[in-house]
>>> print(open('my_file_26.csv').read())   # CSV, N, CA, C and O atoms
chain,number,residue,atom,x,y,z
A,1233,MET,N,11.3,21.2,-5.4
A,1233,MET,CA,10.7,20.8,-4.2
A,1233,MET,C,11.6,21.0,-3.0
A,1233,MET,O,12.8,21.4,-3.2
A,1234,ALA,N,11.1,20.8,-1.9
A,1234,ALA,CA,11.9,21.0,-0.6
A,1234,ALA,C,13.1,20.2,-0.5
A,1234,ALA,O,13.3,19.1,-1.0
A,1235,ASP,N,14.1,20.8,0.2
A,1235,ASP,CA,15.3,20.0,0.5
A,1235,ASP,C,15.2,19.2,1.7
A,1235,ASP,O,14.2,19.2,2.4
A,1236,GLN,N,16.2,18.4,2.0
A,1236,GLN,CA,16.2,17.4,3.1
A,1236,GLN,C,15.9,18.1,4.5
A,1236,GLN,O,15.5,17.4,5.4
A,1237,ASP,N,16.3,19.3,4.6
A,1237,ASP,CA,16.2,20.0,5.9
A,1237,ASP,C,14.8,20.6,6.1
A,1237,ASP,O,14.5,21.1,7.2
A,1238,ALA,N,13.9,20.6,5.2
A,1238,ALA,CA,12.6,21.2,5.3
A,1238,ALA,C,11.8,20.4,6.3
A,1238,ALA,O,11.9,19.1,6.3
A,1239,SER,N,10.9,21.0,7.0
A,1239,SER,CA,10.1,20.3,8.0
A,1239,SER,C,9.0,19.6,7.3
A,1239,SER,O,8.6,19.9,6.1
A,1240,VAL,N,8.4,18.6,8.0
A,1240,VAL,CA,7.3,17.8,7.4
A,1240,VAL,C,6.1,18.8,7.2
A,1240,VAL,O,5.4,18.7,6.2
A,1241,LYS,N,5.9,19.7,8.1
A,1241,LYS,CA,4.9,20.7,8.0
A,1241,LYS,C,5.0,21.5,6.6
A,1241,LYS,O,4.0,21.7,5.9
A,1242,TYR,N,6.2,21.9,6.3
A,1242,TYR,CA,6.5,22.6,5.0
A,1242,TYR,C,6.2,21.7,3.9
A,1242,TYR,O,5.6,22.1,2.9
A,1243,LYS,N,6.7,20.4,3.9
A,1243,LYS,CA,6.5,19.5,2.8
A,1243,LYS,C,5.1,19.2,2.6
A,1243,LYS,O,4.6,19.1,1.5
A,1244,ARG,N,4.3,19.1,3.7
A,1244,ARG,CA,2.9,18.9,3.5
A,1244,ARG,C,2.2,20.1,2.9
A,1244,ARG,O,1.3,19.9,2.1
A,1245,SER,N,2.6,21.3,3.3
A,1245,SER,CA,2.0,22.5,2.7
A,1245,SER,C,2.3,22.5,1.2
A,1245,SER,O,1.4,22.9,0.4
A,1246,GLU,N,3.5,22.2,0.8
A,1246,GLU,CA,3.9,22.2,-0.6
A,1246,GLU,C,3.1,21.1,-1.3
A,1246,GLU,O,2.7,21.3,-2.5
A,1247,ALA,N,2.9,20.0,-0.7
A,1247,ALA,CA,2.2,18.9,-1.3
A,1247,ALA,C,0.8,19.2,-1.6
A,1247,ALA,O,0.2,18.8,-2.6
A,1248,ARG,N,0.1,20.0,-0.7
A,1248,ARG,CA,-1.2,20.4,-0.9
A,1248,ARG,C,-1.3,21.3,-2.2
A,1248,ARG,O,-2.2,21.2,-3.0
A,1249,LYS,N,-0.3,22.1,-2.4
A,1249,LYS,CA,-0.3,22.9,-3.7
A,1249,LYS,C,-0.1,22.1,-4.9
A,1249,LYS,O,-0.8,22.3,-5.9
A,1250,VAL,N,0.8,21.1,-4.8
A,1250,VAL,CA,1.0,20.1,-5.9
A,1250,VAL,C,-0.3,19.4,-6.2
A,1250,VAL,O,-0.7,19.2,-7.4
A,1251,ALA,N,-1.0,18.9,-5.2
A,1251,ALA,CA,-2.2,18.1,-5.4
A,1251,ALA,C,-3.3,19.0,-6.0
A,1251,ALA,O,-4.0,18.5,-6.9
A,1252,ALA,N,-3.3,20.3,-5.7
A,1252,ALA,CA,-4.3,21.2,-6.3
A,1252,ALA,C,-4.0,21.4,-7.8
A,1252,ALA,O,-4.9,21.4,-8.6
A,1253,LYS,N,-2.7,21.5,-8.1
A,1253,LYS,CA,-2.3,21.6,-9.5
A,1253,LYS,C,-2.6,20.4,-10.3
A,1253,LYS,O,-3.1,20.4,-11.4
A,1254,ILE,N,-2.4,19.2,-9.7
A,1254,ILE,CA,-2.7,17.9,-10.4
A,1254,ILE,C,-4.2,17.8,-10.6
A,1254,ILE,O,-4.6,17.4,-11.7
A,1255,THR,N,-4.9,18.2,-9.6
A,1255,THR,CA,-6.4,18.1,-9.7
A,1255,THR,C,-6.9,19.0,-10.8
A,1255,THR,O,-7.7,18.6,-11.6
A,1256,GLN,N,-6.4,20.2,-10.8
A,1256,GLN,CA,-6.8,21.2,-11.8
A,1256,GLN,C,-6.5,20.6,-13.2
A,1256,GLN,O,-7.3,20.7,-14.2
A,1257,HIS,N,-5.3,20.1,-13.4
A,1257,HIS,CA,-4.9,19.5,-14.7
A,1257,HIS,C,-5.7,18.3,-15.1
A,1257,HIS,O,-6.1,18.2,-16.2
A,1258,ALA,N,-6.0,17.5,-14.1
A,1258,ALA,CA,-6.9,16.3,-14.4
A,1258,ALA,C,-8.3,16.7,-14.8
A,1258,ALA,O,-8.8,16.1,-15.7
A,1259,MET,N,-8.8,17.7,-14.2
A,1259,MET,CA,-10.2,18.2,-14.5
A,1259,MET,C,-10.2,18.8,-15.9
A,1259,MET,O,-11.2,18.7,-16.6
A,1260,ALA,N,-9.1,19.5,-16.2
A,1260,ALA,CA,-9.1,20.2,-17.5
A,1260,ALA,C,-8.7,19.2,-18.7
A,1260,ALA,O,-9.0,19.6,-19.9
A,1261,ASN,N,-8.2,18.1,-18.3
A,1261,ASN,CA,-7.8,17.1,-19.3
A,1261,ASN,C,-8.3,15.7,-19.0
A,1261,ASN,O,-7.5,14.8,-18.7
A,1262,PRO,N,-9.6,15.5,-18.9
A,1262,PRO,CA,-10.1,14.2,-18.5
A,1262,PRO,C,-9.6,13.1,-19.4
A,1262,PRO,O,-9.5,13.2,-20.6
A,1263,GLY,N,-9.2,11.9,-18.8
A,1263,GLY,CA,-8.8,10.8,-19.5
A,1263,GLY,C,-7.3,10.8,-19.9
A,1263,GLY,O,-6.8,9.8,-20.3
A,1264,VAL,N,-6.6,11.9,-19.7
A,1264,VAL,CA,-5.2,11.9,-20.0
A,1264,VAL,C,-4.4,11.3,-18.8
A,1264,VAL,O,-4.6,11.6,-17.6
A,1265,PRO,N,-3.5,10.3,-19.1
A,1265,PRO,CA,-2.8,9.6,-18.0
A,1265,PRO,C,-1.9,10.6,-17.3
A,1265,PRO,O,-1.2,11.4,-17.9
A,1266,LEU,N,-1.9,10.5,-16.0
A,1266,LEU,CA,-1.0,11.3,-15.1
A,1266,LEU,C,0.0,10.4,-14.5
A,1266,LEU,O,-0.2,9.3,-14.0
A,1267,ASN,N,1.3,10.9,-14.5
A,1267,ASN,CA,2.4,10.2,-13.9
A,1267,ASN,C,3.1,11.2,-13.0
A,1267,ASN,O,3.0,12.4,-13.1
A,1268,MET,N,3.8,10.6,-12.0
A,1268,MET,CA,4.5,11.4,-11.0
A,1268,MET,C,5.9,10.9,-10.7
A,1268,MET,O,6.1,9.7,-10.7
A,1269,LEU,N,6.8,11.9,-10.6
A,1269,LEU,CA,8.2,11.5,-10.3
A,1269,LEU,C,8.6,12.3,-9.1
A,1269,LEU,O,8.4,13.5,-9.0
A,1270,GLY,N,9.2,11.7,-8.1
A,1270,GLY,CA,9.7,12.3,-6.9
A,1270,GLY,C,11.1,11.9,-6.7
A,1270,GLY,O,11.5,10.8,-6.9
A,1271,PHE,N,12.0,12.9,-6.3
A,1271,PHE,CA,13.4,12.6,-6.1
A,1271,PHE,C,13.8,13.1,-4.7
A,1271,PHE,O,13.5,14.3,-4.3
A,1272,SER,N,14.4,12.3,-3.9
A,1272,SER,CA,15.0,12.6,-2.6
A,1272,SER,C,13.9,13.2,-1.7
A,1272,SER,O,12.9,12.5,-1.5
A,1273,ALA,N,14.0,14.4,-1.2
A,1273,ALA,CA,13.0,15.0,-0.3
A,1273,ALA,C,11.7,15.2,-1.0
A,1273,ALA,O,10.6,15.2,-0.4
A,1274,GLY,N,11.8,15.3,-2.3
A,1274,GLY,CA,10.5,15.4,-3.1
A,1274,GLY,C,9.7,14.1,-3.1
A,1274,GLY,O,8.5,14.2,-3.4
A,1275,THR,N,10.3,13.0,-2.7
A,1275,THR,CA,9.4,11.8,-2.6
A,1275,THR,C,8.4,11.9,-1.5
A,1275,THR,O,7.3,11.4,-1.7
A,1276,ALA,N,8.8,12.5,-0.4
A,1276,ALA,CA,7.8,12.7,0.7
A,1276,ALA,C,6.7,13.6,0.2
A,1276,ALA,O,5.5,13.3,0.4
A,1277,GLU,N,7.0,14.7,-0.5
A,1277,GLU,CA,6.0,15.6,-1.0
A,1277,GLU,C,5.1,14.9,-2.0
A,1277,GLU,O,3.9,15.1,-2.0
A,1278,ALA,N,5.7,14.0,-2.8
A,1278,ALA,CA,4.9,13.3,-3.8
A,1278,ALA,C,3.9,12.4,-3.1
A,1278,ALA,O,2.7,12.3,-3.5
A,1279,ILE,N,4.4,11.7,-2.1
A,1279,ILE,CA,3.5,10.8,-1.3
A,1279,ILE,C,2.4,11.6,-0.6
A,1279,ILE,O,1.2,11.2,-0.7
A,1280,PHE,N,2.8,12.7,0.0
A,1280,PHE,CA,1.8,13.6,0.6
A,1280,PHE,C,0.8,14.1,-0.4
A,1280,PHE,O,-0.4,14.2,-0.1
A,1281,ALA,N,1.3,14.5,-1.5
A,1281,ALA,CA,0.4,15.0,-2.6
A,1281,ALA,C,-0.6,13.9,-3.0
A,1281,ALA,O,-1.8,14.2,-3.2
A,1282,LEU,N,-0.2,12.7,-3.1
A,1282,LEU,CA,-1.1,11.6,-3.5
A,1282,LEU,C,-2.2,11.5,-2.4
A,1282,LEU,O,-3.4,11.4,-2.8
A,1283,GLU,N,-1.9,11.7,-1.2
A,1283,GLU,CA,-2.8,11.6,-0.1
A,1283,GLU,C,-3.9,12.7,-0.2
A,1283,GLU,O,-5.0,12.5,0.2
A,1284,TYR,N,-3.5,13.9,-0.7
A,1284,TYR,CA,-4.4,15.0,-0.8
A,1284,TYR,C,-5.3,15.0,-2.0
A,1284,TYR,O,-6.2,15.9,-2.1
A,1285,LEU,N,-5.1,14.1,-2.9
A,1285,LEU,CA,-5.9,14.1,-4.2
A,1285,LEU,C,-7.3,13.7,-3.8
A,1285,LEU,O,-7.5,12.9,-3.0
A,1286,PRO,N,-8.3,14.3,-4.6
A,1286,PRO,CA,-9.7,13.8,-4.4
A,1286,PRO,C,-9.8,12.4,-5.0
A,1286,PRO,O,-9.0,12.0,-5.8
A,1287,GLU,N,-10.9,11.8,-4.6
A,1287,GLU,CA,-11.1,10.4,-5.0
A,1287,GLU,C,-11.2,10.2,-6.5
A,1287,GLU,O,-10.8,9.2,-7.0
A,1288,THR,N,-11.6,11.3,-7.2
A,1288,THR,CA,-11.8,11.2,-8.6
A,1288,THR,C,-10.5,11.3,-9.4
A,1288,THR,O,-10.4,11.0,-10.6
A,1289,VAL,N,-9.4,11.6,-8.8
A,1289,VAL,CA,-8.1,11.8,-9.5
A,1289,VAL,C,-7.2,10.6,-9.2
A,1289,VAL,O,-6.9,10.2,-8.1
A,1290,GLN,N,-6.7,10.0,-10.3
A,1290,GLN,CA,-5.9,8.8,-10.2
A,1290,GLN,C,-4.6,9.1,-11.0
A,1290,GLN,O,-4.6,9.6,-12.1
A,1291,ILE,N,-3.5,8.6,-10.4
A,1291,ILE,CA,-2.2,8.7,-11.0
A,1291,ILE,C,-1.9,7.4,-11.6
A,1291,ILE,O,-2.0,6.3,-11.0
A,1292,ASN,N,-1.4,7.4,-12.9
A,1292,ASN,CA,-1.1,6.1,-13.6
A,1292,ASN,C,0.2,5.4,-13.0
A,1292,ASN,O,0.1,4.3,-12.6
A,1293,THR,N,1.3,6.2,-13.0
A,1293,THR,CA,2.5,5.6,-12.6
A,1293,THR,C,3.3,6.6,-11.7
A,1293,THR,O,3.3,7.8,-12.0
A,1294,VAL,N,3.9,6.1,-10.6
A,1294,VAL,CA,4.6,6.9,-9.7
A,1294,VAL,C,6.1,6.3,-9.6
A,1294,VAL,O,6.2,5.1,-9.4
A,1295,VAL,N,7.1,7.2,-9.8
A,1295,VAL,CA,8.5,6.8,-9.7
A,1295,VAL,C,9.1,7.6,-8.6
A,1295,VAL,O,9.0,8.8,-8.6
A,1296,LEU,N,9.7,6.9,-7.6
A,1296,LEU,CA,10.3,7.5,-6.4
A,1296,LEU,C,11.8,7.1,-6.4
A,1296,LEU,O,12.1,6.0,-6.4
A,1297,LEU,N,12.6,8.2,-6.5
A,1297,LEU,CA,14.1,7.9,-6.5
A,1297,LEU,C,14.7,8.4,-5.2
A,1297,LEU,O,14.6,9.6,-4.9
A,1298,GLY,N,15.4,7.6,-4.5
A,1298,GLY,CA,16.1,7.9,-3.3
A,1298,GLY,C,15.1,8.4,-2.2
A,1298,GLY,O,15.3,9.5,-1.7
A,1299,THR,N,14.1,7.6,-1.9
A,1299,THR,CA,13.0,8.0,-1.1
A,1299,THR,C,13.5,8.4,0.3
A,1299,THR,O,14.4,7.8,0.9
A,1300,SER,N,12.9,9.5,0.8
A,1300,SER,CA,13.3,10.1,2.1
A,1300,SER,C,12.2,10.0,3.1
A,1300,SER,O,11.9,11.0,3.8
A,1301,ILE,N,11.4,9.0,3.1
A,1301,ILE,CA,10.3,8.8,4.0
A,1301,ILE,C,10.5,7.5,4.8
A,1301,ILE,O,11.1,6.6,4.2
A,1302,SER,N,10.1,7.5,6.0
A,1302,SER,CA,10.3,6.3,6.8
A,1302,SER,C,9.7,5.0,6.2
A,1302,SER,O,8.7,5.0,5.6
A,1303,ARG,N,10.4,3.9,6.4
A,1303,ARG,CA,9.9,2.7,5.8
A,1303,ARG,C,8.7,2.2,6.6
A,1303,ARG,O,8.0,1.3,6.1
A,1304,ASP,N,8.4,2.8,7.7
A,1304,ASP,CA,7.3,2.5,8.5
A,1304,ASP,C,6.0,3.4,8.2
A,1304,ASP,O,5.0,3.2,8.7
A,1305,TYR,N,6.2,4.3,7.3
A,1305,TYR,CA,5.1,5.2,6.9
A,1305,TYR,C,4.0,4.4,6.2
A,1305,TYR,O,4.3,3.6,5.3
A,1306,ASP,N,2.8,4.6,6.6
A,1306,ASP,CA,1.6,3.9,6.0
A,1306,ASP,C,1.3,4.6,4.7
A,1306,ASP,O,0.8,5.7,4.7
A,1307,LEU,N,1.4,3.9,3.6
A,1307,LEU,CA,1.2,4.4,2.3
A,1307,LEU,C,-0.3,4.1,1.8
A,1307,LEU,O,-0.6,4.4,0.7
A,1308,THR,N,-1.1,3.5,2.6
A,1308,THR,CA,-2.4,3.1,2.2
A,1308,THR,C,-3.2,4.2,1.6
A,1308,THR,O,-3.7,4.0,0.5
A,1309,LYS,N,-3.3,5.4,2.2
A,1309,LYS,CA,-4.1,6.5,1.6
A,1309,LYS,C,-3.5,6.9,0.3
A,1309,LYS,O,-4.2,7.2,-0.7
A,1310,ALA,N,-2.2,7.0,0.2
A,1310,ALA,CA,-1.5,7.5,-1.0
A,1310,ALA,C,-1.7,6.5,-2.2
A,1310,ALA,O,-2.1,6.9,-3.3
A,1311,LEU,N,-1.6,5.2,-1.9
A,1311,LEU,CA,-1.7,4.2,-2.9
A,1311,LEU,C,-3.2,4.1,-3.5
A,1311,LEU,O,-3.3,3.6,-4.6
A,1312,GLN,N,-4.1,4.6,-2.8
A,1312,GLN,CA,-5.5,4.6,-3.3
A,1312,GLN,C,-5.7,5.4,-4.5
A,1312,GLN,O,-6.6,5.3,-5.2
A,1313,HIS,N,-4.7,6.3,-4.7
A,1313,HIS,CA,-4.7,7.2,-5.9
A,1313,HIS,C,-3.8,6.8,-7.0
A,1313,HIS,O,-3.6,7.5,-8.0
A,1314,VAL,N,-3.3,5.6,-6.9
A,1314,VAL,CA,-2.4,5.0,-8.0
A,1314,VAL,C,-3.1,3.9,-8.7
A,1314,VAL,O,-3.4,2.9,-8.0
A,1315,LYS,N,-3.4,4.0,-10.0
A,1315,LYS,CA,-4.1,2.9,-10.6
A,1315,LYS,C,-3.1,2.0,-11.4
A,1315,LYS,O,-3.4,0.9,-11.7
A,1316,GLY,N,-1.9,2.4,-11.5
A,1316,GLY,CA,-0.9,1.6,-12.2
A,1316,GLY,C,0.1,1.1,-11.2
A,1316,GLY,O,-0.2,0.3,-10.3
A,1317,HIS,N,1.4,1.5,-11.3
A,1317,HIS,CA,2.4,1.0,-10.5
A,1317,HIS,C,3.2,2.1,-9.8
A,1317,HIS,O,3.2,3.2,-10.3
A,1318,VAL,N,3.8,1.7,-8.7
A,1318,VAL,CA,4.8,2.6,-8.0
A,1318,VAL,C,6.1,1.9,-8.1
A,1318,VAL,O,6.3,0.7,-7.8
A,1319,TYR,N,7.1,2.6,-8.6
A,1319,TYR,CA,8.5,2.1,-8.7
A,1319,TYR,C,9.3,2.9,-7.7
A,1319,TYR,O,9.3,4.1,-7.7
A,1320,LEU,N,10.0,2.2,-6.9
A,1320,LEU,CA,10.9,2.7,-5.9
A,1320,LEU,C,12.3,2.3,-6.1
A,1320,LEU,O,12.6,1.1,-6.2
A,1321,TYR,N,13.2,3.3,-6.2
A,1321,TYR,CA,14.6,3.1,-6.5
A,1321,TYR,C,15.4,3.7,-5.3
A,1321,TYR,O,15.2,4.8,-4.9
A,1322,THR,N,16.2,2.8,-4.7
A,1322,THR,CA,17.1,3.2,-3.6
A,1322,THR,C,18.5,2.7,-3.9
A,1322,THR,O,18.7,1.9,-4.8
A,1323,SER,N,19.4,3.2,-3.1
A,1323,SER,CA,20.8,2.7,-3.2
A,1323,SER,C,21.3,2.5,-1.7
A,1323,SER,O,20.9,3.2,-0.8
A,1324,THR,N,22.2,1.6,-1.5
A,1324,THR,CA,22.7,1.4,-0.2
A,1324,THR,C,24.1,2.1,-0.1
A,1324,THR,O,24.8,2.2,-1.1
A,1325,PRO,N,24.4,2.7,1.1
A,1325,PRO,CA,25.7,3.4,1.2
A,1325,PRO,C,26.9,2.5,1.1
A,1325,PRO,O,26.8,1.4,1.3
>>> encode(input="my_file_26.csv", output="structure tokens")
Amino acid sequence: MADQDASVKYKRSEARKVAAKITQHAMANPGVPLNMLGFSAGTAEAIFALEYLPETVQINTVVLLGTSISRDYDLTKALQHVKGHVYLYTSTP
């Protein structure tokens, strides 16, 4: 996934591709639990990908490591696609 210097526009573009792949996998494998892992800049892409999923696709568990998205970012739309839990791991400098 994108590095820290990638633009939000680029990350959103990549997230659309990820969401399409997740959707395709979910449709080909109905009932199979889906989990998501995002690391560093990939956490923003993971959150954006969740936002782009259709209503019918649900992710069971999301793990975000070293999140690189603003603490003020509204996760409402993304969280509508999570039926289990979101685990967020950070460290302080």
>>> residues_around(input="my_file_26.csv", residues="range 1293-1310 of chain A", least_positions_apart="5", cutoff="7 Å", atoms="all atoms listed in the file", output="JSON, numbers by chain")
{"A": [1265, 1266, 1267, 1268, 1269, 1270, 1271, 1272, 1273, 1274, 1275, 1276, 1278, 1279, 1280, 1281, 1282, 1283, 1284, 1285, 1315, 1316, 1317, 1318, 1319, 1320, 1321, 1322, 1323]}
>>> write_last_selection(input="my_file_26.csv", atoms="N, CA, C and O atoms", output="JSON list (two decimals), in the coordinates of the input")
[["chain", "number", "residue", "atom", "x", "y", "z"],
["A", 1265, "PRO", "N", -3.50, 10.30, -19.10],
["A", 1265, "PRO", "CA", -2.80, 9.60, -18.00],
["A", 1265, "PRO", "C", -1.90, 10.60, -17.30],
["A", 1265, "PRO", "O", -1.20, 11.40, -17.90],
["A", 1266, "LEU", "N", -1.90, 10.50, -16.00],
["A", 1266, "LEU", "CA", -1.00, 11.30, -15.10],
["A", 1266, "LEU", "C", 0.00, 10.40, -14.50],
["A", 1266, "LEU", "O", -0.20, 9.30, -14.00],
["A", 1267, "ASN", "N", 1.30, 10.90, -14.50],
["A", 1267, "ASN", "CA", 2.40, 10.20, -13.90],
["A", 1267, "ASN", "C", 3.10, 11.20, -13.00],
["A", 1267, "ASN", "O", 3.00, 12.40, -13.10],
["A", 1268, "MET", "N", 3.80, 10.60, -12.00],
["A", 1268, "MET", "CA", 4.50, 11.40, -11.00],
["A", 1268, "MET", "C", 5.90, 10.90, -10.70],
["A", 1268, "MET", "O", 6.10, 9.70, -10.70],
["A", 1269, "LEU", "N", 6.80, 11.90, -10.60],
["A", 1269, "LEU", "CA", 8.20, 11.50, -10.30],
["A", 1269, "LEU", "C", 8.60, 12.30, -9.10],
["A", 1269, "LEU", "O", 8.40, 13.50, -9.00],
["A", 1270, "GLY", "N", 9.20, 11.70, -8.10],
["A", 1270, "GLY", "CA", 9.70, 12.30, -6.90],
["A", 1270, "GLY", "C", 11.10, 11.90, -6.70],
["A", 1270, "GLY", "O", 11.50, 10.80, -6.90],
["A", 1271, "PHE", "N", 12.00, 12.90, -6.30],
["A", 1271, "PHE", "CA", 13.40, 12.60, -6.10],
["A", 1271, "PHE", "C", 13.80, 13.10, -4.70],
["A", 1271, "PHE", "O", 13.50, 14.30, -4.30],
["A", 1272, "SER", "N", 14.40, 12.30, -3.90],
["A", 1272, "SER", "CA", 15.00, 12.60, -2.60],
["A", 1272, "SER", "C", 13.90, 13.20, -1.70],
["A", 1272, "SER", "O", 12.90, 12.50, -1.50],
["A", 1273, "ALA", "N", 14.00, 14.40, -1.20],
["A", 1273, "ALA", "CA", 13.00, 15.00, -0.30],
["A", 1273, "ALA", "C", 11.70, 15.20, -1.00],
["A", 1273, "ALA", "O", 10.60, 15.20, -0.40],
["A", 1274, "GLY", "N", 11.80, 15.30, -2.30],
["A", 1274, "GLY", "CA", 10.50, 15.40, -3.10],
["A", 1274, "GLY", "C", 9.70, 14.10, -3.10],
["A", 1274, "GLY", "O", 8.50, 14.20, -3.40],
["A", 1275, "THR", "N", 10.30, 13.00, -2.70],
["A", 1275, "THR", "CA", 9.40, 11.80, -2.60],
["A", 1275, "THR", "C", 8.40, 11.90, -1.50],
["A", 1275, "THR", "O", 7.30, 11.40, -1.70],
["A", 1276, "ALA", "N", 8.80, 12.50, -0.40],
["A", 1276, "ALA", "CA", 7.80, 12.70, 0.70],
["A", 1276, "ALA", "C", 6.70, 13.60, 0.20],
["A", 1276, "ALA", "O", 5.50, 13.30, 0.40],
["A", 1278, "ALA", "N", 5.70, 14.00, -2.80],
["A", 1278, "ALA", "CA", 4.90, 13.30, -3.80],
["A", 1278, "ALA", "C", 3.90, 12.40, -3.10],
["A", 1278, "ALA", "O", 2.70, 12.30, -3.50],
["A", 1279, "ILE", "N", 4.40, 11.70, -2.10],
["A", 1279, "ILE", "CA", 3.50, 10.80, -1.30],
["A", 1279, "ILE", "C", 2.40, 11.60, -0.60],
["A", 1279, "ILE", "O", 1.20, 11.20, -0.70],
["A", 1280, "PHE", "N", 2.80, 12.70, 0.00],
["A", 1280, "PHE", "CA", 1.80, 13.60, 0.60],
["A", 1280, "PHE", "C", 0.80, 14.10, -0.40],
["A", 1280, "PHE", "O", -0.40, 14.20, -0.10],
["A", 1281, "ALA", "N", 1.30, 14.50, -1.50],
["A", 1281, "ALA", "CA", 0.40, 15.00, -2.60],
["A", 1281, "ALA", "C", -0.60, 13.90, -3.00],
["A", 1281, "ALA", "O", -1.80, 14.20, -3.20],
["A", 1282, "LEU", "N", -0.20, 12.70, -3.10],
["A", 1282, "LEU", "CA", -1.10, 11.60, -3.50],
["A", 1282, "LEU", "C", -2.20, 11.50, -2.40],
["A", 1282, "LEU", "O", -3.40, 11.40, -2.80],
["A", 1283, "GLU", "N", -1.90, 11.70, -1.20],
["A", 1283, "GLU", "CA", -2.80, 11.60, -0.10],
["A", 1283, "GLU", "C", -3.90, 12.70, -0.20],
["A", 1283, "GLU", "O", -5.00, 12.50, 0.20],
["A", 1284, "TYR", "N", -3.50, 13.90, -0.70],
["A", 1284, "TYR", "CA", -4.40, 15.00, -0.80],
["A", 1284, "TYR", "C", -5.30, 15.00, -2.00],
["A", 1284, "TYR", "O", -6.20, 15.90, -2.10],
["A", 1285, "LEU", "N", -5.10, 14.10, -2.90],
["A", 1285, "LEU", "CA", -5.90, 14.10, -4.20],
["A", 1285, "LEU", "C", -7.30, 13.70, -3.80],
["A", 1285, "LEU", "O", -7.50, 12.90, -3.00],
["A", 1315, "LYS", "N", -3.40, 4.00, -10.00],
["A", 1315, "LYS", "CA", -4.10, 2.90, -10.60],
["A", 1315, "LYS", "C", -3.10, 2.00, -11.40],
["A", 1315, "LYS", "O", -3.40, 0.90, -11.70],
["A", 1316, "GLY", "N", -1.90, 2.40, -11.50],
["A", 1316, "GLY", "CA", -0.90, 1.60, -12.20],
["A", 1316, "GLY", "C", 0.10, 1.10, -11.20],
["A", 1316, "GLY", "O", -0.20, 0.30, -10.30],
["A", 1317, "HIS", "N", 1.40, 1.50, -11.30],
["A", 1317, "HIS", "CA", 2.40, 1.00, -10.50],
["A", 1317, "HIS", "C", 3.20, 2.10, -9.80],
["A", 1317, "HIS", "O", 3.20, 3.20, -10.30],
["A", 1318, "VAL", "N", 3.80, 1.70, -8.70],
["A", 1318, "VAL", "CA", 4.80, 2.60, -8.00],
["A", 1318, "VAL", "C", 6.10, 1.90, -8.10],
["A", 1318, "VAL", "O", 6.30, 0.70, -7.80],
["A", 1319, "TYR", "N", 7.10, 2.60, -8.60],
["A", 1319, "TYR", "CA", 8.50, 2.10, -8.70],
["A", 1319, "TYR", "C", 9.30, 2.90, -7.70],
["A", 1319, "TYR", "O", 9.30, 4.10, -7.70],
["A", 1320, "LEU", "N", 10.00, 2.20, -6.90],
["A", 1320, "LEU", "CA", 10.90, 2.70, -5.90],
["A", 1320, "LEU", "C", 12.30, 2.30, -6.10],
["A", 1320, "LEU", "O", 12.60, 1.10, -6.20],
["A", 1321, "TYR", "N", 13.20, 3.30, -6.20],
["A", 1321, "TYR", "CA", 14.60, 3.10, -6.50],
["A", 1321, "TYR", "C", 15.40, 3.70, -5.30],
["A", 1321, "TYR", "O", 15.20, 4.80, -4.90],
["A", 1322, "THR", "N", 16.20, 2.80, -4.70],
["A", 1322, "THR", "CA", 17.10, 3.20, -3.60],
["A", 1322, "THR", "C", 18.50, 2.70, -3.90],
["A", 1322, "THR", "O", 18.70, 1.90, -4.80],
["A", 1323, "SER", "N", 19.40, 3.20, -3.10],
["A", 1323, "SER", "CA", 20.80, 2.70, -3.20],
["A", 1323, "SER", "C", 21.30, 2.50, -1.70],
["A", 1323, "SER", "O", 20.90, 3.20, -0.80]]
>>> select_by_dssp(input="my_file_26.csv", residues="chain A", states="strand (DSSP E)", output="PyMOL selection string")
chain A and resi 1267-1271+1291-1297+1314-1321
>>> atom_distance(input="my_file_26.csv", atom1="CA of Val1240 in chain A", atom2="CA of Ala1252 in chain A")
18.3 Å
>>> closest_residue(input="my_file_26.csv", among="A:Glu1277, A:Gly1263, A:Leu1311, A:Asn1292", to="Tyr1242 in chain A", atoms="all atoms listed in the file")
A:Glu1277
>>> atom_distance(input="my_file_26.csv", atom1="CA of Glu1287 in chain A", atom2="CA of Gln1256 in chain A")
13.5 Å
>>> select_by_dssp(input="my_file_26.csv", residues="chain A", states="helix (DSSP H, G or I)", output="ChimeraX atom specification")
/A:1240-1260,1273-1284,1308-1311
>>> closest_residue(input="my_file_26.csv", among="A:Thr1255, A:Ser1239, A:Ser1245, A:Thr1324", to="Val1289 in chain A", atoms="all atoms listed in the file")
A:Thr1255
>>> atom_distance(input="my_file_26.csv", atom1="CA of His1257 in chain A", atom2="CA of Val1314 in chain A")
16.2 Å
